[in-house]
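Student: Dropping in entry27.cif, which is mmCIF, C-alpha atoms:
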```cif
data_my_file
#
loop_
_atom_site.group_PDB
_atom_site.id
_atom_site.type_symbol
_atom_site.label_atom_id
_atom_site.label_comp_id
_atom_site.auth_asym_id
_atom_site.auth_seq_id
_atom_site.Cartn_x
_atom_site.Cartn_y
_atom_site.Cartn_z
ATOM 1 C CA MET A 1 -96.355 -60.650 46.053
ATOM 2 C CA GLU A 2 -98.558 -57.592 45.547
ATOM 3 C CA ARG A 3 -99.076 -55.619 48.737
ATOM 4 C CA VAL A 4 -102.419 -54.051 49.629
ATOM 5 C CA LEU A 5 -103.014 -51.376 52.255
ATOM 6 C CA ILE A 6 -106.512 -50.605 53.531
ATOM 7 C CA ILE A 7 -106.688 -46.971 54.685
ATOM 8 C CA ILE A 8 -109.370 -46.398 57.328
ATOM 9 C CA PRO A 9 -109.912 -42.684 58.047
ATOM 10 C CA ALA A 10 -111.674 -42.332 61.387
ATOM 11 C CA TYR A 11 -113.018 -39.462 63.451
ATOM 12 C CA ASN A 12 -114.928 -40.350 66.625
ATOM 13 C CA GLU A 13 -115.719 -43.872 65.418
ATOM 14 C CA ALA A 14 -115.308 -45.647 68.775
ATOM 15 C CA GLU A 15 -118.667 -47.371 68.285
ATOM 16 C CA ASN A 16 -117.682 -48.818 64.905
ATOM 17 C CA ILE A 17 -113.918 -49.117 64.533
ATOM 18 C CA ARG A 18 -113.366 -52.459 66.260
ATOM 19 C CA GLU A 19 -115.967 -54.244 64.137
ATOM 20 C CA VAL A 20 -114.614 -52.637 60.957
ATOM 21 C CA ILE A 21 -111.090 -53.859 61.710
ATOM 22 C CA LEU A 22 -112.192 -57.375 62.668
ATOM 23 C CA LYS A 23 -114.277 -57.775 59.506
ATOM 24 C CA LEU A 24 -111.470 -56.569 57.268
ATOM 25 C CA HIS A 25 -108.966 -58.922 58.881
ATOM 26 C CA ALA A 26 -111.383 -61.844 58.632
ATOM 27 C CA GLU A 27 -111.949 -61.147 54.937
ATOM 28 C CA ASN A 28 -108.235 -61.303 54.114
ATOM 29 C CA PRO A 29 -105.509 -61.444 56.788
ATOM 30 C CA ALA A 30 -102.882 -60.592 54.132
ATOM 31 C CA TRP A 31 -104.208 -57.052 53.787
ATOM 32 C CA ASP A 32 -102.429 -54.478 55.922
ATOM 33 C CA LEU A 33 -104.735 -52.140 57.823
ATOM 34 C CA LEU A 34 -103.990 -48.505 58.653
ATOM 35 C CA VAL A 35 -106.326 -46.470 60.852
ATOM 36 C CA VAL A 36 -105.759 -42.723 60.475
ATOM 37 C CA ASN A 37 -107.251 -41.271 63.634
ATOM 38 C CA ASP A 38 -108.194 -37.679 62.834
ATOM 39 C CA ALA A 39 -107.694 -36.258 66.361
ATOM 40 C CA SER A 40 -110.772 -38.034 67.686
ATOM 41 C CA THR A 41 -112.067 -36.955 71.079
ATOM 42 C CA ASP A 42 -113.345 -40.440 71.949
ATOM 43 C CA GLN A 43 -111.600 -43.828 72.262
ATOM 44 C CA THR A 44 -111.205 -44.499 68.524
ATOM 45 C CA SER A 45 -107.407 -44.753 68.685
ATOM 46 C CA LEU A 46 -107.294 -46.906 71.824
ATOM 47 C CA ILE A 47 -109.889 -49.367 70.534
ATOM 48 C CA ALA A 48 -108.132 -49.660 67.168
ATOM 49 C CA ARG A 49 -104.794 -50.364 68.858
ATOM 50 C CA GLN A 50 -106.298 -52.905 71.218
ATOM 51 C CA THR A 51 -107.305 -55.137 68.292
ATOM 52 C CA GLY A 52 -103.612 -55.692 67.508
ATOM 53 C CA LEU A 53 -104.571 -55.947 63.839
ATOM 54 C CA ALA A 54 -103.982 -52.432 62.528
ATOM 55 C CA GLU A 55 -101.348 -49.750 62.481
ATOM 56 C CA VAL A 56 -102.674 -46.488 63.904
ATOM 57 C CA ILE A 57 -101.564 -42.967 63.040
ATOM 58 C CA ASP A 58 -102.863 -40.307 65.439
ATOM 59 C CA LEU A 59 -103.072 -36.896 63.792
ATOM 60 C CA PRO A 60 -102.297 -34.086 66.265
ATOM 61 C CA PHE A 61 -105.020 -31.848 64.824
ATOM 62 C CA ASN A 62 -108.307 -32.530 63.068
ATOM 63 C CA LEU A 63 -107.497 -32.306 59.344
ATOM 64 C CA GLY A 64 -110.754 -33.640 57.938
ATOM 65 C CA ILE A 65 -111.207 -36.537 55.541
ATOM 66 C CA GLY A 66 -108.834 -35.061 52.949
ATOM 67 C CA GLY A 67 -105.879 -34.806 55.313
ATOM 68 C CA SER A 68 -106.620 -38.222 56.779
ATOM 69 C CA VAL A 69 -106.722 -40.017 53.442
ATOM 70 C CA GLN A 70 -103.663 -38.184 52.130
ATOM 71 C CA THR A 71 -101.784 -39.284 55.251
ATOM 72 C CA GLY A 72 -102.670 -42.850 54.295
ATOM 73 C CA PHE A 73 -101.439 -42.350 50.736
ATOM 74 C CA ARG A 74 -98.129 -40.972 51.953
ATOM 75 C CA TYR A 75 -97.730 -43.920 54.307
ATOM 76 C CA ALA A 76 -98.492 -46.293 51.406
ATOM 77 C CA ARG A 77 -95.961 -44.612 49.118
ATOM 78 C CA ALA A 78 -93.258 -44.560 51.779
ATOM 79 C CA ASN A 79 -93.768 -48.257 52.485
ATOM 80 C CA GLY A 80 -93.918 -49.474 48.889
ATOM 81 C CA TYR A 81 -97.516 -50.652 48.598
ATOM 82 C CA ASP A 82 -98.855 -51.665 45.191
ATOM 83 C CA PHE A 83 -102.519 -50.941 45.869
ATOM 84 C CA THR A 84 -104.468 -48.974 48.437
ATOM 85 C CA LEU A 85 -108.112 -48.979 49.306
ATOM 86 C CA GLN A 86 -110.062 -46.325 51.200
ATOM 87 C CA PHE A 87 -112.590 -47.890 53.574
ATOM 88 C CA ASP A 88 -114.539 -45.570 55.858
ATOM 89 C CA GLY A 89 -114.444 -46.268 59.581
ATOM 90 C CA ASP A 90 -118.211 -45.930 60.054
ATOM 91 C CA GLY A 91 -119.107 -49.531 59.210
ATOM 92 C CA GLN A 92 -121.247 -48.664 56.183
ATOM 93 C CA HIS A 93 -119.155 -50.631 53.653
ATOM 94 C CA SER A 94 -118.891 -54.409 53.243
ATOM 95 C CA ALA A 95 -115.442 -55.976 53.450
ATOM 96 C CA CYS A 96 -116.585 -58.809 51.175
ATOM 97 C CA GLU A 97 -116.968 -56.326 48.291
ATOM 98 C CA ILE A 98 -113.377 -55.094 48.398
ATOM 99 C CA LYS A 99 -112.286 -57.738 45.900
ATOM 100 C CA LYS A 100 -114.638 -56.214 43.292
ATOM 101 C CA LEU A 101 -112.738 -52.930 43.457
ATOM 102 C CA LEU A 102 -109.290 -54.476 43.659
ATOM 103 C CA GLU A 103 -109.934 -56.624 40.592
ATOM 104 C CA LEU A 104 -110.535 -53.511 38.489
ATOM 105 C CA VAL A 105 -107.218 -51.902 39.452
ATOM 106 C CA LYS A 106 -105.223 -55.141 39.484
ATOM 107 C CA ASN A 107 -106.422 -56.036 35.974
ATOM 108 C CA ASN A 108 -105.547 -52.536 34.678
ATOM 109 C CA GLU A 109 -109.190 -51.794 33.897
ATOM 110 C CA ALA A 110 -108.918 -48.669 36.050
ATOM 111 C CA ASP A 111 -106.432 -46.582 37.967
ATOM 112 C CA VAL A 112 -109.169 -45.809 40.475
ATOM 113 C CA ALA A 113 -112.207 -47.974 41.198
ATOM 114 C CA ILE A 114 -115.192 -46.512 43.064
ATOM 115 C CA GLY A 115 -117.812 -48.477 44.955
ATOM 116 C CA SER A 116 -121.107 -46.893 43.912
ATOM 117 C CA ARG A 117 -124.474 -47.116 45.650
ATOM 118 C CA PHE A 118 -126.247 -45.823 42.563
ATOM 119 C CA SER A 119 -124.789 -47.573 39.522
ATOM 120 C CA GLN A 120 -127.712 -50.025 39.633
ATOM 121 C CA LYS A 121 -131.090 -50.149 41.357
ATOM 122 C CA ASN A 122 -131.196 -51.842 44.746
ATOM 123 C CA ASP A 123 -133.483 -52.301 47.738
ATOM 124 C CA GLY A 124 -130.813 -51.738 50.386
ATOM 125 C CA TYR A 125 -130.089 -48.761 52.617
ATOM 126 C CA ARG A 126 -131.010 -45.389 51.093
ATOM 127 C CA SER A 127 -129.583 -42.082 52.256
ATOM 128 C CA SER A 128 -131.823 -39.053 52.698
ATOM 129 C CA PHE A 129 -133.524 -37.423 49.711
ATOM 130 C CA SER A 130 -131.423 -34.258 50.055
ATOM 131 C CA ARG A 131 -128.191 -36.269 49.963
ATOM 132 C CA ARG A 132 -129.319 -38.253 46.919
ATOM 133 C CA LEU A 133 -130.303 -35.021 45.174
ATOM 134 C CA GLY A 134 -126.896 -33.514 45.893
ATOM 135 C CA ILE A 135 -125.143 -36.593 44.503
ATOM 136 C CA ARG A 136 -127.227 -36.368 41.313
ATOM 137 C CA ILE A 137 -126.204 -32.736 40.911
ATOM 138 C CA PHE A 138 -122.542 -33.747 41.269
ATOM 139 C CA GLU A 139 -123.091 -36.442 38.631
ATOM 140 C CA TRP A 140 -124.459 -33.916 36.155
ATOM 141 C CA PHE A 141 -121.834 -31.286 36.948
ATOM 142 C CA SER A 142 -118.852 -33.620 36.617
ATOM 143 C CA TYR A 143 -120.142 -34.863 33.269
ATOM 144 C CA LEU A 144 -120.088 -31.267 32.052
ATOM 145 C CA LEU A 145 -116.513 -30.867 33.274
ATOM 146 C CA ILE A 146 -114.824 -34.144 32.277
ATOM 147 C CA ARG A 147 -117.418 -35.911 30.106
ATOM 148 C CA GLN A 148 -117.478 -38.936 32.382
ATOM 149 C CA ARG A 149 -120.565 -40.169 34.229
ATOM 150 C CA ILE A 150 -119.838 -40.922 37.879
ATOM 151 C CA THR A 151 -122.924 -41.851 39.886
ATOM 152 C CA ASP A 152 -121.509 -41.701 43.431
ATOM 153 C CA HIS A 153 -119.119 -38.797 43.964
ATOM 154 C CA THR A 154 -119.226 -38.949 47.755
ATOM 155 C CA SER A 155 -118.391 -42.643 48.063
ATOM 156 C CA GLY A 156 -115.624 -43.313 50.580
ATOM 157 C CA PHE A 157 -115.068 -46.806 49.163
ATOM 158 C CA ARG A 158 -112.301 -46.610 46.542
ATOM 159 C CA ALA A 159 -109.314 -48.630 45.318
ATOM 160 C CA TYR A 160 -106.167 -47.141 43.775
ATOM 161 C CA ASN A 161 -103.227 -48.538 41.859
ATOM 162 C CA ARG A 162 -99.635 -47.455 42.479
ATOM 163 C CA ARG A 163 -99.746 -44.694 39.856
ATOM 164 C CA ALA A 164 -102.857 -43.106 41.357
ATOM 165 C CA LEU A 165 -101.760 -43.388 44.989
ATOM 166 C CA HIS A 166 -98.380 -41.803 44.216
ATOM 167 C CA PHE A 167 -100.118 -38.917 42.448
ATOM 168 C CA LEU A 168 -102.620 -38.375 45.249
ATOM 169 C CA ALA A 169 -99.978 -38.598 47.971
ATOM 170 C CA ASP A 170 -98.945 -35.111 46.792
ATOM 171 C CA HIS A 171 -102.134 -33.740 45.233
ATOM 172 C CA TYR A 172 -105.104 -34.991 47.269
ATOM 173 C CA PRO A 173 -107.641 -32.184 47.873
ATOM 174 C CA SER A 174 -108.372 -31.033 51.412
ATOM 175 C CA ASP A 175 -111.705 -30.429 53.154
ATOM 176 C CA TYR A 176 -114.464 -32.489 51.383
ATOM 177 C CA PRO A 177 -112.356 -34.067 48.662
ATOM 178 C CA GLU A 178 -114.245 -36.995 47.127
ATOM 179 C CA PRO A 179 -116.105 -35.104 44.354
ATOM 180 C CA GLU A 180 -113.157 -32.805 43.626
ATOM 181 C CA VAL A 181 -110.622 -35.601 43.297
ATOM 182 C CA ILE A 182 -112.695 -37.219 40.540
ATOM 183 C CA ILE A 183 -112.281 -34.072 38.446
ATOM 184 C CA LEU A 184 -108.584 -33.862 39.311
ATOM 185 C CA LEU A 185 -108.017 -37.480 38.257
ATOM 186 C CA GLY A 186 -110.085 -37.155 35.103
ATOM 187 C CA LYS A 187 -108.247 -34.020 33.978
ATOM 188 C CA ASN A 188 -104.888 -35.725 34.533
ATOM 189 C CA GLY A 189 -105.570 -38.802 32.457
ATOM 190 C CA PHE A 190 -106.424 -41.398 35.092
ATOM 191 C CA LYS A 191 -108.941 -44.121 34.276
ATOM 192 C CA ILE A 192 -111.903 -44.170 36.668
ATOM 193 C CA ARG A 193 -114.416 -47.004 36.893
ATOM 194 C CA GLU A 194 -117.395 -47.644 39.138
ATOM 195 C CA THR A 195 -118.834 -50.919 40.326
ATOM 196 C CA PHE A 196 -121.987 -51.420 42.358
ATOM 197 C CA THR A 197 -121.537 -51.924 46.107
ATOM 198 C CA GLN A 198 -124.073 -51.999 48.918
ATOM 199 C CA MET A 199 -124.079 -49.422 51.694
ATOM 200 C CA HIS A 200 -125.335 -50.125 55.198
ATOM 201 C CA GLU A 201 -126.908 -47.760 57.686
ATOM 202 C CA ARG A 202 -124.481 -46.260 60.170
ATOM 203 C CA LYS A 203 -124.689 -48.037 63.554
ATOM 204 C CA GLY A 204 -123.164 -45.239 65.614
ATOM 205 C CA GLY A 205 -121.459 -41.862 65.395
ATOM 206 C CA VAL A 206 -122.429 -39.044 63.059
ATOM 207 C CA SER A 207 -121.738 -38.140 59.448
ATOM 208 C CA SER A 208 -118.969 -35.660 58.651
ATOM 209 C CA ILE A 209 -121.451 -33.762 56.431
ATOM 210 C CA PRO A 210 -124.324 -32.559 58.667
ATOM 211 C CA ILE A 211 -127.588 -31.986 56.835
ATOM 212 C CA THR A 212 -127.644 -28.364 58.088
ATOM 213 C CA LYS A 213 -124.537 -27.644 56.013
ATOM 214 C CA GLY A 214 -126.001 -29.082 52.808
ATOM 215 C CA PRO A 215 -126.364 -25.887 50.681
ATOM 216 C CA TYR A 216 -122.990 -24.527 51.834
ATOM 217 C CA TYR A 217 -121.359 -27.888 51.125
ATOM 218 C CA MET A 218 -122.839 -28.079 47.617
ATOM 219 C CA ILE A 219 -121.710 -24.597 46.601
ATOM 220 C CA LYS A 220 -118.240 -25.030 48.061
ATOM 221 C CA VAL A 221 -117.653 -28.424 46.453
ATOM 222 C CA MET A 222 -118.959 -27.415 43.039
ATOM 223 C CA LEU A 223 -116.647 -24.401 43.081
ATOM 224 C CA ALA A 224 -113.723 -26.664 43.975
ATOM 225 C CA MET A 225 -114.700 -29.075 41.176
ATOM 226 C CA PHE A 226 -114.790 -26.218 38.674
ATOM 227 C CA MET A 227 -111.418 -24.883 39.764
ATOM 228 C CA SER A 228 -109.883 -28.359 39.389
ATOM 229 C CA SER A 229 -111.315 -28.588 35.883
ATOM 230 C CA ILE A 230 -109.564 -25.408 34.709
ATOM 231 C CA ARG A 231 -106.186 -26.153 36.277
ATOM 232 C CA SER A 232 -103.311 -27.054 34.017
ATOM 233 C CA LYS A 233 -102.348 -30.710 33.868
ATOM 234 C CA ILE A 234 -100.101 -31.545 36.816
ATOM 235 C CA GLN A 235 -96.579 -32.751 36.062
ATOM 236 C CA TYR A 236 -95.506 -35.452 38.481
ATOM 237 C CA HIS A 237 -93.126 -38.376 38.810
ATOM 238 C CA GLU A 238 -94.280 -41.812 39.941
#
```
Output the structure of this file as structure tokens.

Tutor:
Amino acid sequence: MERVLIIIPAYNEAENIREVILKLHAENPAWDLLVVNDASTDQTSLIARQTGLAEVIDLPFNLGIGGSVQTGFRYARANGYDFTLQFDGDGQHSACEIKKLLELVKNNEADVAIGSRFSQKNDGYRSSFSRRLGIRIFEWFSYLLIRQRITDHTSGFRAYNRRALHFLADHYPSDYPEPEVIILLGKNGFKIRETFTQMHERKGGVSSIPITKGPYYMIKVMLAMFMSSIRSKIQYHE
């Protein structure tokens, strides 16, 4: 039987984490759930443990989303999982849409499947104009670098097959990794596919990318994307 691990990176998500876990378990009790608590200063870890439905790893220091997700990949590799799925702990993704991503990687249509808010028009939740503009710039820039159109570089809703998770367990970027990892995967021969998924408005907590850091974030991430594009292909063993 194929084993699936849902990685839930969480930093100060006490307002959301219980509902996220309960919805994931209700959608499919066979999925294993792993909350990677990124040194939260609230009750995220305690609330996650109290559900009795998820394993919880408490990081001793705040590593950011990159370190949190890579911790999940290393846990998945060490425990022999076939597929992993990144599902943010803020409650903005829908558990019922996970099967759309898993089908792409299970059917070998992709090594990595991304849930995109922008791959088709919709009337649901819309992020701020500045965030949408930044995502469009990433879309254009990544096409220049790897000749592949990705509409939602900052999506934290992604599924991975065994080959991809083993690669990223050792090579996942740090800091703000989602746009950079697309370039890294594309340059190393991984198949990436997007499928449309809805995004809901955050019910509590705050985003890890404050609007005041927007210009700094854009410059830093685009530089990281460019550096990934000129790196030599990485030799690795599955």

Student: List the spatial neighbours of A:Glu139 as a list in words - criterion: any atom at most 7 Å away, all atoms listed in the file, same-chain residues fewer than 2 positions off excluded.

Tutor: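 The filter keeps Ile135, Arg136, Ile137, Phe141, Ser142, Tyr143, Arg149, Ile150 and Thr151 of chain A.
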
Student: Taking all atoms of stretch 184-203 of chain A that the file lists and extending 6 Å past them on each side, where is the centre of the axis-aligned box and how long are its edges? Answer in Å to one decimal, as lines of an AutoDock Vina configuration file.

Tutor:
```
center_x = -115.9
center_y = -42.9
center_z = 48.0
size_x = 34.0
size_y = 30.1
size_z = 43.1
```

Student: Determine the residue membership of the PyMOL selection byres ((chain A and resi 192) around 7) for the file above and supply it as a ChimeraX atom specification.

Tutor: /A:110-113,190-191,193-194

Student: Any idea what's packed within 10 Å of A:Glu19, counting all atoms listed in the file, ignoring anything in its chain fewer than 4 positions away? Could you give it as a list of chain:residue names?

Tutor: A:Ala14, A:Glu15, A:Lys23, A:Leu24, A:His25, A:Ala48, A:Thr51, A:Gly89, A:Asp90, A:Gly91

Student: Apply the PyMOL selection byres ((chain A and resi 173) around 12) to the structure shown and report the selected residues as a ChimeraX atom specification.

Tutor: /A:63-71,167-172,174-185,221,224-225,227-228

Student: Which value, in Å to one decimal, gives the distance between atom CA of A:Tyr11 and atom CA of A:Asp42?

Tutor: 8.6 Å

Student: Report, in Å with one decimal, the straight-line distance from atom CA of A:Glu2 to atom CA of A:Asn79.

Tutor: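 Result for atom CA of A:Glu2 versus atom CA of A:Asn79: 12.6 Å, one decimal.
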
Student: The PyMOL selection byres ((chain A and resi 158) around 8) on the file shown: which residues, as a PyMOL selection string?

Tutor: chain A and resi 85-87+101+112-115+155-157+159-160

Student: Enter the distance from atom CA of A:Phe118 to atom CA of A:His200, in Å, rounded to one decimal.

Tutor: 13.4 Å

Student: Determine, counting all atoms listed in the file, which protein, DNA and RNA residues have an atom within 9 Å of an atom of A:Lys100; residues of the same chain fewer than 2 positions away are not included. Present the result as JSON, numbers by chain.

Tutor: {"A": [96, 97, 98, 102, 103, 104, 113, 115, 195, 196, 197]}

Student: Find the spatial neighbours of A:Phe83, counting only C-alpha atoms, within a cut-off of 6 Å - ignore same-chain residues fewer than 5 positions away - and output them as a PyMOL selection string.

Tutor: chain A and resi 4+160-162

Student: Compile the contact shell of A:Ser40 as a compact mmCIF listing (two decimals) with C-alpha atoms, keeping the file's coordinate frame: residues with an atom at most 10 Å away, counting all atoms listed in the file, same-chain residues fewer than 2 positions apart removed.

Tutor:
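Generated output (result.txt):
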```txt
# COMPACT_ATOMS: atom_id res chain seq x y z
CA ALA A 10 -111.67 -42.33 61.39
CA TYR A 11 -113.02 -39.46 63.45
CA ASN A 12 -114.93 -40.35 66.62
CA GLU A 13 -115.72 -43.87 65.42
CA ALA A 14 -115.31 -45.65 68.78
CA VAL A 36 -105.76 -42.72 60.48
CA ASN A 37 -107.25 -41.27 63.63
CA ASP A 38 -108.19 -37.68 62.83
CA ASP A 42 -113.34 -40.44 71.95
CA GLN A 43 -111.60 -43.83 72.26
CA THR A 44 -111.20 -44.50 68.52
CA SER A 45 -107.41 -44.75 68.68
CA ASP A 58 -102.86 -40.31 65.44
CA LEU A 59 -103.07 -36.90 63.79
CA PRO A 60 -102.30 -34.09 66.26
CA PHE A 61 -105.02 -31.85 64.82
CA ASN A 62 -108.31 -32.53 63.07
```
